[in-house]
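First up is the structure itself, then whatever we jot down about it.
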Amino acid sequence: MLSRKWEVFAHFPLSTQHSALSTAFWPLVVVEETAALRKLEEALAEHYGWATSPSARAKVSIAIARKAGRLHIPPDEYCKHAAASQSEMLALVEEAAVGETYFFREPEQFNYLRTEVLPALIASPPADHRLRLWSAACSTGEEAYSLAITFDQVKPPRSETQAEIFATDVRNRALLEASRARYHIPSLRMVSAKLRARYFEHTGGTPDAPLNGRYTVIPDVRRLVTFRRVNLMDGVFWKGISNRFDLIFCSNLLLYLHHAAVRQMVERLSRSLREGGHLVVAPTEASLVEHSRLKPVKDCASFFRRLPSAK
Ligand SMILES: C[S@@+](CC[C@H](N)C(=O)[O-])C[C@H]1O[C@@H](n2cnc3c(N)ncnc32)[C@H](O)[C@@H]1O
């Protein structure tokens, strides 16, 4: 039998749970700390790098309650089941991960990209004239398309330089939405009317709510982006991508990871950059990036530049 407090959370709609979690609701979430819950958290830390902080626990326990509720089993039993089954653990990750994102989330970063980083890359591109950009925890794709739009804005008409934007996330459901490239106005809250008109096809607005409806990214931008499912804690994935990228956005992921996973991730990200390439994290994560190979950029504090390797 489900205990009453778990049942209550199991029946909240997911959207309510998400907004509840972003408010002062956390202290009200009742979490029974059992051996099975701790074991599942350890498995999530090992396989996905997730931290076991109180806020992470609040989020995971709500997803556990929902999953257990749907299966009509007690949360403890669900924890044992998920810890023992890779596919169930991934199903839990699909539900428990924070996927919040929107276009041009940090305007200062995109300004710096537009005025400094991309013009310099386009002026002296790699030998094959292809820039390789990566949105490493892309969620539903807004960041990857923001990179593609910025490239399109900056690229001079006759330049031979092309961009390949690689976009990855661990959640299949988010990637499916990303590849559909259809958004609603809240995702475009940082996009000017001019950019909206240039880079999105709008359908479904009404005379009294003209901004409602769907905004689909135009094909010329979509074709720059390739989505792929990747668990960034999977060591095999990192083999063969050393010195590859000119720019990596890994934004709003590090803050959800435990200390050892952050260190490992920063090491791997720094190694996958070309010399002189940039790593970009969320401004709130900048203090987590410490690596001898990476130097903070003076003019934009959440950009880090890969230093040349010692000869
Ligand atoms: C808050 S979103 C960040 C979206 C975007 N980068 C931004 O800053 O707006 C964090 C994303 O990290 C993904 N994620 C969490 N753990 C991961 C892992 N081990 N490997 C790959 N992606 C992961 C989640 O699925 C989620 O979509």
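Ligands are numbered from 1 in the order shown, residues from 1 within each chain, and chains are lettered A, B, ... in the order they appear in the structure tokens.
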Give me every strand (DSSP E) residue in stretch 78-177 of chain A, going by DSSP on the backbone, as a PyMOL selection string.
chain A and resi 130-135+162-169
Export of prior selection with C-alpha atoms as a compact mmCIF listing (two decimals), in the first residue's frame:
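Contents of again.txt, as written:
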# COMPACT_ATOMS: atom_id res chain seq x y z
CA ARG A 130 33.74 23.62 -40.72
CA LEU A 131 33.12 24.97 -37.25
CA ARG A 132 32.10 22.31 -34.76
CA LEU A 133 29.80 23.56 -32.00
CA TRP A 134 28.23 21.41 -29.30
CA SER A 135 25.26 21.94 -27.00
CA GLN A 162 29.99 26.17 -42.37
CA ALA A 163 28.79 25.22 -38.90
CA GLU A 164 27.92 21.76 -37.62
CA ILE A 165 26.00 21.88 -34.37
CA PHE A 166 25.98 18.70 -32.37
CA ALA A 167 23.32 18.61 -29.64
CA THR A 168 23.05 15.90 -27.00
CA ASP A 169 20.98 15.03 -23.98
Hey, which bits of stretch 179-199 of chain A sit within 8 Å of stretch 103-124 of chain A, and for each residue what's the closest pair of atoms and how far apart in Å (one decimal), counting only C-alpha atoms, rows by chain and increasing number, as CSV?
residue,atom,partner,partner_atom,distance
A:Ser187,CA,A:Phe103,CA,6.1
A:Leu188,CA,A:Phe103,CA,5.7
A:Arg189,CA,A:Phe103,CA,7.5
A:Met190,CA,A:Phe104,CA,6.0
A:Val191,CA,A:Phe103,CA,6.8
Around ligand 1, out to 8 Å and counting only C-alpha atoms and all ligand atoms, which residues are there? I want them as a ChimeraX atom specification.
/A:47-50,93-94,97-103,105,135-143,168-171,174,229-234,249-253,256-257,281-282
Determine which residues of stretch 107-197 of chain A receive a DSSP assignment of helix (DSSP H, G or I), computed from the backbone, and state them as an MDAnalysis selection string.
chainID A and resid 107:123 142:154 172:180 185:188 193:197
Contacts of A:Arg293 within 7 Å, only C-alpha atoms, excl. fewer than 6 positions in-chain, as an mmCIF file with C-alpha atoms, in the first residue's frame:
data_model
loop_
_atom_site.group_PDB
_atom_site.id
_atom_site.type_symbol
_atom_site.label_atom_id
_atom_site.label_comp_id
_atom_site.auth_asym_id
_atom_site.auth_seq_id
_atom_site.Cartn_x
_atom_site.Cartn_y
_atom_site.Cartn_z
ATOM 1 C CA SER A 270 38.281 20.658 -21.848
ATOM 2 C CA ARG A 306 41.325 26.140 -23.858
ATOM 3 C CA LEU A 307 45.010 26.936 -23.536
#
Would you kindly return, as a list in words, each protein, DNA or RNA residue with an atom no farther than 8 Å from any atom of A:Thr216, considering only C-alpha atoms and excluding same-chain residues fewer than 2 positions away?
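The neighbour list is Ala181, Arg182, Tyr183, Phe200, Glu201, His202, Arg214 and Ile218 of chain A.
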Export of prior selection with N, CA and C atoms as an mmCIF file, in the first residue's frame:
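The file below, again10.cif, is the result:
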data_model
loop_
_atom_site.group_PDB
_atom_site.id
_atom_site.type_symbol
_atom_site.label_atom_id
_atom_site.label_comp_id
_atom_site.auth_asym_id
_atom_site.auth_seq_id
_atom_site.Cartn_x
_atom_site.Cartn_y
_atom_site.Cartn_z
ATOM 1 N N ALA A 181 11.263 20.766 -33.184
ATOM 2 C CA ALA A 181 11.582 22.204 -33.304
ATOM 3 C C ALA A 181 10.358 23.107 -33.233
ATOM 4 N N ARG A 182 9.337 22.656 -32.491
ATOM 5 C CA ARG A 182 8.111 23.465 -32.359
ATOM 6 C C ARG A 182 7.998 23.974 -30.930
ATOM 7 N N TYR A 183 7.807 25.274 -30.792
ATOM 8 C CA TYR A 183 7.839 25.882 -29.459
ATOM 9 C C TYR A 183 6.650 26.805 -29.260
ATOM 10 N N PHE A 200 11.438 31.888 -37.366
ATOM 11 C CA PHE A 200 10.376 30.951 -36.953
ATOM 12 C C PHE A 200 9.173 31.077 -37.882
ATOM 13 N N GLU A 201 8.524 29.930 -38.132
ATOM 14 C CA GLU A 201 7.235 29.956 -38.839
ATOM 15 C C GLU A 201 6.150 29.890 -37.772
ATOM 16 N N HIS A 202 5.251 30.856 -37.796
ATOM 17 C CA HIS A 202 4.227 30.949 -36.747
ATOM 18 C C HIS A 202 2.893 30.434 -37.265
ATOM 19 N N ARG A 214 2.048 28.035 -32.317
ATOM 20 C CA ARG A 214 3.354 27.371 -32.348
ATOM 21 C C ARG A 214 4.344 28.139 -33.195
ATOM 22 N N ILE A 218 12.877 27.577 -38.628
ATOM 23 C CA ILE A 218 12.893 27.412 -40.099
ATOM 24 C C ILE A 218 13.898 26.320 -40.524
#
Which residues are near A:Glu88? Cut-off 12 Å, only C-alpha atoms, ignore same chain within fewer than 3 positions. Put them as a list in words.
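Result of the neighbour search: Leu40, Ala43, Leu44, Ala63, Ile64, Lys67, Ala68, Leu71, Tyr78, Cys79, Lys80, His81, Ala82, Ala83, Ala84, Ser85, Ala91, Leu92, Val93, Glu94 and Glu95 of chain A.
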Store the residues picked out above, limited to N, CA and C atoms, as a PDB file, in the first residue's frame.
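Resulting contents of part_20.pdb:
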ATOM      1  N   LEU A  40      19.255   3.808  -4.531  1.00  0.00           N
ATOM      2  CA  LEU A  40      18.870   4.331  -5.849  1.00  0.00           C
ATOM      3  C   LEU A  40      19.608   5.648  -6.122  1.00  0.00           C
ATOM      4  N   ALA A  43      23.022   4.883  -7.184  1.00  0.00           N
ATOM      5  CA  ALA A  43      23.055   4.396  -8.575  1.00  0.00           C
ATOM      6  C   ALA A  43      22.920   5.572  -9.548  1.00  0.00           C
ATOM      7  N   LEU A  44      22.049   6.543  -9.226  1.00  0.00           N
ATOM      8  CA  LEU A  44      21.894   7.719 -10.095  1.00  0.00           C
ATOM      9  C   LEU A  44      23.186   8.537 -10.109  1.00  0.00           C
ATOM     10  N   ALA A  63       9.368  12.209  -8.468  1.00  0.00           N
ATOM     11  CA  ALA A  63       9.277  11.309  -9.636  1.00  0.00           C
ATOM     12  C   ALA A  63       9.078   9.867  -9.173  1.00  0.00           C
ATOM     13  N   ILE A  64       9.758   9.484  -8.098  1.00  0.00           N
ATOM     14  CA  ILE A  64       9.591   8.120  -7.560  1.00  0.00           C
ATOM     15  C   ILE A  64       8.136   7.901  -7.144  1.00  0.00           C
ATOM     16  N   LYS A  67       5.959   7.432 -10.198  1.00  0.00           N
ATOM     17  CA  LYS A  67       6.176   6.137 -10.865  1.00  0.00           C
ATOM     18  C   LYS A  67       5.576   5.010 -10.023  1.00  0.00           C
ATOM     19  N   ALA A  68       5.840   5.051  -8.702  1.00  0.00           N
ATOM     20  CA  ALA A  68       5.319   4.005  -7.816  1.00  0.00           C
ATOM     21  C   ALA A  68       3.789   4.020  -7.850  1.00  0.00           C
ATOM     22  N   LEU A  71       2.460   2.317 -10.847  1.00  0.00           N
ATOM     23  CA  LEU A  71       2.630   0.859 -10.812  1.00  0.00           C
ATOM     24  C   LEU A  71       1.890   0.214  -9.639  1.00  0.00           C
ATOM     25  N   TYR A  78       9.568   0.429  -5.438  1.00  0.00           N
ATOM     26  CA  TYR A  78       9.950   1.038  -6.717  1.00  0.00           C
ATOM     27  C   TYR A  78      11.447   1.373  -6.721  1.00  0.00           C
ATOM     28  N   CYS A  79      11.961   1.901  -5.601  1.00  0.00           N
ATOM     29  CA  CYS A  79      13.392   2.267  -5.526  1.00  0.00           C
ATOM     30  C   CYS A  79      14.260   1.032  -5.794  1.00  0.00           C
ATOM     31  N   LYS A  80      13.882  -0.097  -5.192  1.00  0.00           N
ATOM     32  CA  LYS A  80      14.667  -1.333  -5.395  1.00  0.00           C
ATOM     33  C   LYS A  80      14.620  -1.736  -6.862  1.00  0.00           C
ATOM     34  N   HIS A  81      13.425  -1.642  -7.447  1.00  0.00           N
ATOM     35  CA  HIS A  81      13.232  -2.033  -8.847  1.00  0.00           C
ATOM     36  C   HIS A  81      14.074  -1.135  -9.758  1.00  0.00           C
ATOM     37  N   ALA A  82      14.021   0.203  -9.539  1.00  0.00           N
ATOM     38  CA  ALA A  82      14.732   1.132 -10.430  1.00  0.00           C
ATOM     39  C   ALA A  82      16.245   0.988 -10.277  1.00  0.00           C
ATOM     40  N   ALA A  83      16.700   0.727  -9.026  1.00  0.00           N
ATOM     41  CA  ALA A  83      18.152   0.598  -8.819  1.00  0.00           C
ATOM     42  C   ALA A  83      18.697  -0.636  -9.523  1.00  0.00           C
ATOM     43  N   ALA A  84      17.820  -1.643  -9.710  1.00  0.00           N
ATOM     44  CA  ALA A  84      18.288  -2.903 -10.302  1.00  0.00           C
ATOM     45  C   ALA A  84      18.075  -2.954 -11.813  1.00  0.00           C
ATOM     46  N   SER A  85      17.363  -1.975 -12.374  1.00  0.00           N
ATOM     47  CA  SER A  85      17.017  -2.062 -13.802  1.00  0.00           C
ATOM     48  C   SER A  85      17.460  -0.785 -14.523  1.00  0.00           C
ATOM     49  N   ALA A  91      14.007   5.590 -17.234  1.00  0.00           N
ATOM     50  CA  ALA A  91      12.635   6.117 -17.230  1.00  0.00           C
ATOM     51  C   ALA A  91      12.474   7.132 -16.088  1.00  0.00           C
ATOM     52  N   LEU A  92      13.119   6.856 -14.972  1.00  0.00           N
ATOM     53  CA  LEU A  92      13.061   7.790 -13.840  1.00  0.00           C
ATOM     54  C   LEU A  92      13.804   9.086 -14.178  1.00  0.00           C
ATOM     55  N   VAL A  93      14.956   8.948 -14.825  1.00  0.00           N
ATOM     56  CA  VAL A  93      15.743  10.123 -15.244  1.00  0.00           C
ATOM     57  C   VAL A  93      14.910  10.997 -16.191  1.00  0.00           C
ATOM     58  N   GLU A  94      14.201  10.346 -17.112  1.00  0.00           N
ATOM     59  CA  GLU A  94      13.347  11.087 -18.058  1.00  0.00           C
ATOM     60  C   GLU A  94      12.390  12.000 -17.291  1.00  0.00           C
ATOM     61  N   GLU A  95      11.907  11.498 -16.164  1.00  0.00           N
ATOM     62  CA  GLU A  95      10.886  12.231 -15.418  1.00  0.00           C
ATOM     63  C   GLU A  95      11.486  13.180 -14.376  1.00  0.00           C
TER      64      GLU A  95
END
Quick one: everything within 10 Å of A:Ser272, counting only C-alpha atoms, minus sequence neighbours fewer than 5 positions away in the same chain. Send it as number ranges by chain.
A: 238-248, 266-267, 277, 279, 306
